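Peer 1: One structure follows; several queries about it will come next.
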Amino acid sequence: MDTVAADRLQFAFTIMFHYLFPIGTMGIAPFVAWYTLKATRTGDERAAKSARFWTKIVAVNFAAGVVTGIPMEFEFGTNWAAFSARTGNVIGQPLAMEGLYAFFLESIFLGVLLYGRERVAPGFHALSAMMVCLGSWLSGYFIVVTDAWMQHPVGYLIGKDGTVALTSLWAVLTNSFALWQYAHVLCGALVAGGYIVAGVGAFYLLSRRDVDFGREFVRAGVVTALVFSALTIFPTGDRNGADVTFYQPVKLAAMEGLFRSEQGAPLAIIGMPNVKGGTLLDPIMVPDLLSFLAYGNFRSSVVGLSAYARELWPPVELTYYAYHIMVGLGTIFIAIAVLSALLLVTKRLYRSTLGLWMLMLAMPFPYIASEAGWVVTEVGRQPWIVYGLMRTSAGVSTNVGAGEVVFTLLGFAGMYFLLGFLFLFVTLREIGHGPDPHPSEGQLLRATAQSA
Amino acid sequence: MSVLAFVLLAAMLVTYALLDGYDLGVGAVVHLFARSDEERGAAIASIGPFWNGNEVWLIAAGGVLFAVFPRAYASSFSGFYLPFMIVLWLLIFRGISLELRSHYPNRLWHDFWDWAFSLSSGSLALLLGVALGNLIAGLPLDEHATFVGSFALLLNPYALAVGAFSLLVLALHGWCYLRMSLPDAPVRLSIGRGLSLAVLLLDVLVTALTIVAHPMGGPRLAIAGLLGFAAFAAFCAAGIMLRREKSVVAFGATSAGIVALLGAAVATVYPYLIPSSTRYPGLTIFDSVPNSAALAGIVPVVVVGLIIVYTYLFLVVRRLIRVRDPKNVGVSLAE
């Protein structure tokens with residue numbers, strides 16, 4: 001195997017596995033903050049138990065996110081030394097800031113949230129829940145800023161030896177590319193959070209247990225999922241797409257499977273790209289729609305792949321499919337959320353077996369959509385590691401061979417298989433215990449009465 | 001500016017050694033400290049709220065190293081590819097074992113994760129010492145300041161001695177932490193005594209080996225020697241204070257000892273970040289920086305960040321070690 005391919009495979013595998021956990025943390029942490037705050041302010045018992053329940057889920061997520069996140073920072077140096085030595089002065093900065101400004105916030109206050117209930121004042125405890133949420137969101141911001149610089153480099157200067165030096169940290173932190181990308185990423189995580197909370201609630205309702213919690217979770221989850229599925233598409237997805245159209249037209253062409261430049265370009269709903277022949281197989285097209293989505297005008301001209309030298313194309317199939325999976329799932333999320341919200345408003349959702357099953361089974365899909373979105377972003381960036389500035393093939397460590405990378409890739413695969421298995425085991429166990437492991441007698445009687 | 005950046009980085013690494021040092025040490029000695037399942041659970045719960053935050057010091061320091069000394073970061077991380085990956089896997093394994101233990105009340109589950117925690121913590125304490133030893137002794141570098149030696153070469157006798165020393169020092173540090181946070185736990189006092197004596201012995205041995213293996217000029221030798229001796233005095237004090245059951249003072253003493261030892265290490269190699277053992281020059285703090293204007297951007301950001309972190313670390317730790325109801329400590333997860 002060639003070294004560049006091995007390095008890319010290892011990074012792709014470790015980052016995609018890692019990203020599963022931040023999705024959960026960023027998406028569920030606001031629910032923890034909300035329930036903790038509610039419990040502190042009103043003394044509501046159910047909110048307090050909900051807060052404790054979701055805190056446990058977030059804690060496992062966070063720990064898995066930390067242990068799989070440390071390798072990411074290491075891998076820049078171990079596998080991508082040439083890239084790091086050349087651009088480290090820029091991309092190291094947001095990473096250092098992530099550690100200092102976000103990670104400490106998250107981890108130190110998570111300690112308070114988990115262990116401090118009996119040791120700190122209730123107000124401070126609620127503050128900690130909000131700090132954990134803020135920390136996880138900030139951490140996401142610094143990561144997106146790092147990535148956005150690789151998509152659209154700003155605020156730098158190239159020295160005589162080719163080394164990139166930072167000229168404006170502010171420009172990097174407020175990179176226009178980063179703002180919409182971050183909003184889109186965060187909305188995606190909140191869709192996941194909404195669907196997880198709703199899905200767990202649906203599980204309790206369908207199992208006829210913890211009914212009060214089930215209703216609460218379904219309601220909170222569906223509302224969140226509805227709001228943020230809409231925001232994921234418009235304006236964040238749309239604006240993020242506009243940035244890609246403007247700065248990375250060849251990525252757009254690969255995403256849409258558009259081989260030839262066209263005036264009034266059609267949008268492919270489905271179809272399979274045949275890269276050799278330069279066509280889409282078995283497509284279903286909507287005429288002129290791509291021009292409208294990209295430029296707001298049905299007659300605009302959209303640049304196709306053939307306008308670029310072949311070596312500047314990203315891997316077309318992967319970019320195309322990842323994009324279509326993301327968009328397709330995004331549409332389904334809206335549909336499920338709207339349907340569930342309608343059932344909720346007409347007070348039928350809690351009794352609708354079909355609706356609840358749908359919510360429960362929808363849980364994994366926001367994860368797939370988020371991962372697919374990142375595949376579009378990063379695979380579509382190829383062959384560049386920093387867009388227009390440095391090739392991916394020039395970024396690898398020259399002193400690390402493919403043999404070593406394959407060995408460590410196998411090591412990560414084994415480690416992460418074990419971790420994934422244990423994570424599921426522990427999370428499912430906590431869900432099985434439920435938010436109320438020791439319900440009072442009155443609640444038990446009511447639960448029995450309701451299920452009867 | 002380079003010097004200031006180096007001071008900040010060193011301060012972060014020293015903080016890491018002190019803080020994660022005690023929870024690594026707790027891992028190394030947990031089976032000596034506690035015999036029963038419940039006692040081990042209490043010992044591990046005593047670091048529960050803190051270990052994750054402690055580990056962030058390593059991540060944050062890595063980020064700062066990346067930003068301010070990118071060449072040193074790239075050269076060292078890729079040069080030590082396999083050892084770094086092993087450290088990563090140990091960190092992952094240790095994190096999993098700490099996190100998962102409390103989620104399933106079962107003896108076998110607890111035993112398994114306690115040993116996983118203990119072995120990974122001990123190995124990390126040893127390996128971090130080995131890495132430090134290699135840095136002090138200098139590394140075989142090529143003309144691009146890239147490490148060209150083999151994995152086996154890193155396990156040389158001098159580095160292993162430093163590794164063993166690191167393991168023992170952190171074990172003593174962790175022991176003091178446990179005595180401090182669980183003062184009523186029944187323990188054999190002879191273990192604390194044995195640990196202190198072993199640390200003192202190795203302090204002398206490693207200091208002597210360093211002077212022999214790494215000939216230094218006058219003032220450098222004086223500073224390093226003095227700090228080595230200060231560490232010796234601090235560990236002496238720790239041993240005596242443990243014996244008098246003043247574990248808080250003992251913990252302070254081991255902390256002072258660790259700071260002195262790391263100071264001695266810096267005095268030995270400064271201004272090199274990666275010293276060379278070949279005819280090619282190593283990387284100093286001056287030539288691994290892209291330009292000083294770029295550093296002027298990040299250094300204030302790091303300073304402000306550190307001030308914020310130290311502030312709320314202080315606020316939080318003060319609150320967390322104050323126990324409202326001693327019966328309920330550490331049950332939030334177990335319930």
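In the structure tokens, the first chain shown is A, the next is B, and so on; residue numbers restart at 1 for each chain, and ligands run from 1 in the order shown.
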Contacts of Gly194 in chain B at 12 Å or less, counting only C-alpha atoms, minus same-chain residues fewer than 2 places along, as a ChimeraX atom specification?
Peer 2: /B:32,168-169,171-172,175,188-192,196-201,239-240,242-243
Peer 1: How would the residues just chosen look if you wrote them out with N, CA and C atoms as an mmCIF file, in the first residue's frame?
Peer 2:
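What landed in out.cif:
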```cif
data_model
loop_
_atom_site.group_PDB
_atom_site.id
_atom_site.type_symbol
_atom_site.label_atom_id
_atom_site.label_comp_id
_atom_site.auth_asym_id
_atom_site.auth_seq_id
_atom_site.Cartn_x
_atom_site.Cartn_y
_atom_site.Cartn_z
ATOM 1 N N LEU B 32 -1.617 -1.649 45.903
ATOM 2 C CA LEU B 32 -0.882 -1.669 47.172
ATOM 3 C C LEU B 32 -1.678 -0.937 48.246
ATOM 4 N N LEU B 168 8.606 5.516 40.031
ATOM 5 C CA LEU B 168 8.630 5.530 41.497
ATOM 6 C C LEU B 168 8.215 6.886 42.052
ATOM 7 N N VAL B 169 8.699 7.967 41.419
ATOM 8 C CA VAL B 169 8.348 9.303 41.908
ATOM 9 C C VAL B 169 6.835 9.511 41.828
ATOM 10 N N ALA B 171 4.569 7.210 41.697
ATOM 11 C CA ALA B 171 3.915 6.300 42.636
ATOM 12 C C ALA B 171 3.877 6.935 44.027
ATOM 13 N N LEU B 172 4.997 7.522 44.423
ATOM 14 C CA LEU B 172 5.042 8.179 45.741
ATOM 15 C C LEU B 172 4.086 9.380 45.779
ATOM 16 N N TRP B 175 0.707 8.061 46.036
ATOM 17 C CA TRP B 175 0.517 7.522 47.387
ATOM 18 C C TRP B 175 0.167 8.657 48.351
ATOM 19 N N ARG B 188 -0.789 -0.181 54.967
ATOM 20 C CA ARG B 188 0.479 -0.543 55.620
ATOM 21 C C ARG B 188 1.459 0.597 55.419
ATOM 22 N N LEU B 189 1.871 1.205 56.535
ATOM 23 C CA LEU B 189 2.731 2.380 56.451
ATOM 24 C C LEU B 189 4.079 2.050 55.819
ATOM 25 N N SER B 190 4.466 0.777 55.900
ATOM 26 C CA SER B 190 5.783 0.402 55.385
ATOM 27 C C SER B 190 5.868 0.648 53.874
ATOM 28 N N ILE B 191 4.707 0.618 53.185
ATOM 29 C CA ILE B 191 4.751 0.817 51.734
ATOM 30 C C ILE B 191 5.204 2.238 51.409
ATOM 31 N N GLY B 192 4.653 3.219 52.146
ATOM 32 C CA GLY B 192 5.062 4.606 51.931
ATOM 33 C C GLY B 192 6.551 4.775 52.188
ATOM 34 N N SER B 196 9.447 5.881 49.481
ATOM 35 C CA SER B 196 10.311 7.057 49.636
ATOM 36 C C SER B 196 11.778 6.663 49.544
ATOM 37 N N LEU B 197 12.140 5.557 50.172
ATOM 38 C CA LEU B 197 13.550 5.139 50.143
ATOM 39 C C LEU B 197 13.988 4.828 48.716
ATOM 40 N N ALA B 198 13.117 4.125 47.977
ATOM 41 C CA ALA B 198 13.463 3.778 46.592
ATOM 42 C C ALA B 198 13.628 5.038 45.748
ATOM 43 N N VAL B 199 12.741 6.017 45.968
ATOM 44 C CA VAL B 199 12.842 7.264 45.225
ATOM 45 C C VAL B 199 14.166 7.960 45.525
ATOM 46 N N LEU B 200 14.537 8.011 46.811
ATOM 47 C CA LEU B 200 15.788 8.682 47.194
ATOM 48 C C LEU B 200 16.991 8.006 46.552
ATOM 49 N N LEU B 201 16.962 6.685 46.573
ATOM 50 C CA LEU B 201 18.062 5.915 45.998
ATOM 51 C C LEU B 201 18.219 6.226 44.509
ATOM 52 N N GLY B 239 8.993 11.716 52.741
ATOM 53 C CA GLY B 239 9.047 10.466 53.504
ATOM 54 C C GLY B 239 8.792 10.711 54.982
ATOM 55 N N ILE B 240 9.434 11.756 55.510
ATOM 56 C CA ILE B 240 9.286 12.039 56.944
ATOM 57 C C ILE B 240 7.848 12.456 57.265
ATOM 58 N N LEU B 242 5.152 11.714 55.638
ATOM 59 C CA LEU B 242 4.256 10.556 55.542
ATOM 60 C C LEU B 242 4.280 9.787 56.842
ATOM 61 N N ARG B 243 5.463 9.637 57.393
ATOM 62 C CA ARG B 243 5.626 8.907 58.632
ATOM 63 C C ARG B 243 4.890 9.594 59.783
#
```
Peer 1: Counting only C-alpha atoms, what is within 10 Å of range 392-406 of chain A, bar same-chain residues fewer than 5 positions away, as an MDAnalysis selection string?
Peer 2: (chainID A and resid 1:10 76:87 381:387 411:412) or (chainID B and resid 74:75 77:82 146:148)
Peer 1: Only residues of chain A matter here; which ones have an atom within 6 Å of chain B, counting only C-alpha atoms? Give them as an NGL selection string.
Peer 2: :A and (67 or 77-78 or 81 or 84-85 or 88-89 or 92-93 or 95-96 or 99-100 or 107-108 or 111 or 118-119 or 166)
Peer 1: Please list as an mmCIF file with C-alpha atoms, in the first residue's frame every residue within 12 Å of Tyr19 in chain A, counting only C-alpha atoms and excluding residues in the same chain fewer than 2 positions away.
Peer 2:
```
data_model
loop_
_atom_site.group_PDB
_atom_site.id
_atom_site.type_symbol
_atom_site.label_atom_id
_atom_site.label_comp_id
_atom_site.auth_asym_id
_atom_site.auth_seq_id
_atom_site.Cartn_x
_atom_site.Cartn_y
_atom_site.Cartn_z
ATOM 1 C CA PHE A 11 -6.825 9.535 9.605
ATOM 2 C CA ALA A 12 -10.231 8.959 8.007
ATOM 3 C CA PHE A 13 -10.911 5.942 10.197
ATOM 4 C CA THR A 14 -9.788 7.507 13.473
ATOM 5 C CA ILE A 15 -11.547 10.818 12.858
ATOM 6 C CA MET A 16 -14.812 9.280 11.707
ATOM 7 C CA PHE A 17 -14.892 7.022 14.730
ATOM 8 C CA PHE A 21 -18.903 10.953 20.213
ATOM 9 C CA PRO A 22 -18.736 14.761 19.843
ATOM 10 C CA ILE A 23 -22.047 14.549 17.941
ATOM 11 C CA GLY A 24 -23.615 13.007 21.023
ATOM 12 C CA THR A 25 -21.918 15.387 23.453
ATOM 13 C CA MET A 26 -22.767 18.556 21.520
ATOM 14 C CA ASN A 61 -19.892 10.017 25.373
ATOM 15 C CA PHE A 62 -17.460 12.623 26.601
ATOM 16 C CA ALA A 64 -15.073 8.158 24.634
ATOM 17 C CA GLY A 65 -14.692 11.463 22.792
ATOM 18 C CA VAL A 66 -11.644 12.411 24.854
ATOM 19 C CA VAL A 67 -9.816 9.129 24.478
ATOM 20 C CA THR A 68 -10.463 8.997 20.727
ATOM 21 C CA GLY A 69 -9.739 12.722 20.375
ATOM 22 C CA MET A 72 -6.307 13.174 16.420
ATOM 23 C CA GLY A 140 -16.472 22.259 17.953
ATOM 24 C CA ILE A 143 -12.095 22.367 15.210
ATOM 25 C CA VAL A 185 -22.198 21.228 11.988
ATOM 26 C CA ALA A 189 -25.370 17.633 16.152
ATOM 27 C CA TYR A 367 -25.012 10.140 12.872
ATOM 28 C CA ILE A 368 -24.752 8.803 9.344
ATOM 29 C CA ALA A 369 -25.788 12.157 7.885
ATOM 30 C CA SER A 370 -23.212 14.052 9.969
ATOM 31 C CA GLU A 371 -20.428 11.637 9.028
ATOM 32 C CA ALA A 372 -21.437 11.802 5.366
ATOM 33 C CA GLY A 373 -21.325 15.594 5.525
ATOM 34 C CA TRP A 374 -17.739 15.488 6.744
ATOM 35 C CA VAL A 375 -16.833 13.002 4.001
#
```
Peer 1: Pick from A:Ala178, A:Val154, A:Met131, A:Ile332: nearest to Ala230 in chain A, with only C-alpha atoms counted?
Peer 2: A:Ile332
Peer 1: When you count only C-alpha atoms, which of these residues is closest to Leu113 in chain A: A:Leu422, A:Val327, A:Ala33, A:Leu173?
Peer 2: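 Residue with the minimum atom-to-atom distance to Leu113 in chain A: A:Ala33.
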Peer 1: If you count only C-alpha atoms, which residues fall within 10 Å of Gln263 in chain A, apart from same-chain ones fewer than 4 positions away, as an MDAnalysis selection string?
Peer 2: chainID A and resid 288 290:291 298:303
Peer 1: For the residues in that selection, give me all heavy atoms as a CSV table (one decimal), in the first residue's frame.
Peer 2:
```csv
chain,number,residue,atom,x,y,z
A,288,ASP,N,-32.7,22.5,-14.5
A,288,ASP,CA,-32.4,23.9,-14.1
A,288,ASP,C,-32.3,24.1,-12.6
A,288,ASP,O,-31.9,25.2,-12.2
A,288,ASP,CB,-33.5,24.9,-14.6
A,288,ASP,CG,-33.6,24.9,-16.1
A,288,ASP,OD1,-32.7,24.3,-16.8
A,288,ASP,OD2,-34.6,25.4,-16.7
A,290,LEU,N,-30.3,22.9,-10.2
A,290,LEU,CA,-28.9,23.1,-9.6
A,290,LEU,C,-28.5,24.5,-9.8
A,290,LEU,O,-27.9,25.2,-8.9
A,290,LEU,CB,-28.0,22.1,-10.3
A,290,LEU,CG,-26.5,22.2,-9.8
A,290,LEU,CD1,-26.4,22.1,-8.3
A,290,LEU,CD2,-25.6,21.2,-10.5
A,291,SER,N,-28.8,25.1,-11.0
A,291,SER,CA,-28.4,26.5,-11.3
A,291,SER,C,-29.1,27.4,-10.3
A,291,SER,O,-28.5,28.3,-9.7
A,291,SER,CB,-28.8,26.9,-12.7
A,291,SER,OG,-28.0,26.3,-13.6
A,298,PHE,N,-32.3,30.3,-12.5
A,298,PHE,CA,-32.5,29.0,-13.2
A,298,PHE,C,-31.6,29.0,-14.5
A,298,PHE,O,-31.4,27.9,-15.0
A,298,PHE,CB,-34.0,28.8,-13.6
A,298,PHE,CG,-34.8,28.5,-12.4
A,298,PHE,CD1,-35.7,29.4,-11.8
A,298,PHE,CD2,-34.7,27.2,-11.8
A,298,PHE,CE1,-36.4,29.1,-10.7
A,298,PHE,CE2,-35.5,26.9,-10.7
A,298,PHE,CZ,-36.4,27.8,-10.2
A,299,ARG,N,-31.2,30.1,-15.0
A,299,ARG,CA,-30.4,30.1,-16.2
A,299,ARG,C,-28.9,30.2,-16.0
A,299,ARG,O,-28.1,30.4,-17.0
A,299,ARG,CB,-30.9,31.2,-17.2
A,299,ARG,CG,-32.3,31.0,-17.7
A,299,ARG,CD,-32.7,29.7,-18.2
A,299,ARG,NE,-31.8,29.2,-19.3
A,299,ARG,CZ,-31.6,27.9,-19.6
A,299,ARG,NH1,-32.3,27.0,-18.9
A,299,ARG,NH2,-30.9,27.6,-20.6
A,300,SER,N,-28.5,30.3,-14.7
A,300,SER,CA,-27.0,30.5,-14.5
A,300,SER,C,-26.2,29.3,-15.0
A,300,SER,O,-26.7,28.2,-15.1
A,300,SER,CB,-26.8,30.6,-13.0
A,300,SER,OG,-27.3,31.9,-12.5
A,301,SER,N,-25.0,29.6,-15.3
A,301,SER,CA,-24.1,28.5,-15.8
A,301,SER,C,-23.4,27.9,-14.6
A,301,SER,O,-22.8,28.6,-13.7
A,301,SER,CB,-23.2,29.1,-16.8
A,301,SER,OG,-22.1,28.2,-17.0
A,302,VAL,N,-23.4,26.6,-14.5
A,302,VAL,CA,-22.6,25.9,-13.4
A,302,VAL,C,-21.5,25.1,-14.0
A,302,VAL,O,-21.6,24.5,-15.0
A,302,VAL,CB,-23.5,24.9,-12.6
A,302,VAL,CG1,-22.8,24.3,-11.5
A,302,VAL,CG2,-24.8,25.6,-12.1
A,303,VAL,N,-20.3,25.3,-13.4
A,303,VAL,CA,-19.1,24.7,-14.0
A,303,VAL,C,-19.1,23.2,-13.7
A,303,VAL,O,-19.3,22.8,-12.6
A,303,VAL,CB,-17.8,25.4,-13.4
A,303,VAL,CG1,-16.6,24.8,-14.0
A,303,VAL,CG2,-17.9,26.9,-13.6
```
Peer 1: Can you tell me which residues surround Leu206 in chain A at a distance of at most 8 Å, considering only C-alpha atoms, apart from same-chain residues fewer than 3 positions away, and format the answer as a PyMOL selection string?
Peer 2: chain A and resi 202-203+209+353+356-357
Peer 1: Mind checking which residues fall within 8 Å of Leu154 in chain B, counting only C-alpha atoms, ignoring those fewer than 6 positions away in the same chain, and posting them as an MDAnalysis selection string?
Peer 2: chainID B and resid 130:131 134
Peer 1: Would you give me, as a tab-separated table, each residue of range 124-191 of chain B having an atom within 8 Å of an atom of range 204-213 of chain B, along with its shortest atom pair and that distance in Å to one decimal, using only C-alpha atoms and sorting by chain and residue number?
Peer 2:
```
residue	atom	partner	partner_atom	distance
B:Ala137	CA	B:Ala213	CA	7.1
B:Tyr158	CA	B:Leu209	CA	7.3
B:Ala161	CA	B:Val206	CA	6.8
B:Val162	CA	B:Val206	CA	6.5
B:Phe165	CA	B:Val206	CA	7.6
```
Peer 1: Name the residues of range 66-223 of chain A that come out as strand (DSSP E or B) in a backbone DSSP run; write them as a ChimeraX atom specification.
Peer 2: /A:156-158,164-166
Peer 1: Okay, now the selection with N, CA and C atoms, as a PDB file, in the first residue's frame?
Peer 2:
```
ATOM      1  N   TYR A 156      -2.649  34.563   6.548  1.00  0.00           N
ATOM      2  CA  TYR A 156      -1.322  33.945   6.636  1.00  0.00           C
ATOM      3  C   TYR A 156      -0.374  34.581   5.622  1.00  0.00           C
ATOM      4  N   LEU A 157       0.891  34.223   5.764  1.00  0.00           N
ATOM      5  CA  LEU A 157       1.925  34.720   4.874  1.00  0.00           C
ATOM      6  C   LEU A 157       2.864  33.559   4.599  1.00  0.00           C
ATOM      7  N   ILE A 158       3.364  33.443   3.369  1.00  0.00           N
ATOM      8  CA  ILE A 158       4.290  32.347   3.089  1.00  0.00           C
ATOM      9  C   ILE A 158       5.717  32.871   3.125  1.00  0.00           C
ATOM     10  N   VAL A 164       4.348  28.463   6.322  1.00  0.00           N
ATOM     11  CA  VAL A 164       3.224  29.370   6.458  1.00  0.00           C
ATOM     12  C   VAL A 164       3.258  29.987   7.849  1.00  0.00           C
ATOM     13  N   ALA A 165       3.174  31.321   7.916  1.00  0.00           N
ATOM     14  CA  ALA A 165       3.152  31.979   9.219  1.00  0.00           C
ATOM     15  C   ALA A 165       1.858  32.766   9.357  1.00  0.00           C
ATOM     16  N   LEU A 166       1.351  32.766  10.558  1.00  0.00           N
ATOM     17  CA  LEU A 166       0.100  33.453  10.842  1.00  0.00           C
ATOM     18  C   LEU A 166       0.323  34.960  10.812  1.00  0.00           C
TER      19      LEU A 166
END
```
Peer 1: Near Gly21 in chain B, counting only C-alpha atoms, which residues have an atom at most 8 Å away, once you skip same-chain residues fewer than 6 positions from it, shown as a list of chain:residue names?
Peer 2: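 Result of the neighbour search: B:Ala125, B:Leu170, B:His173, B:Gly174.
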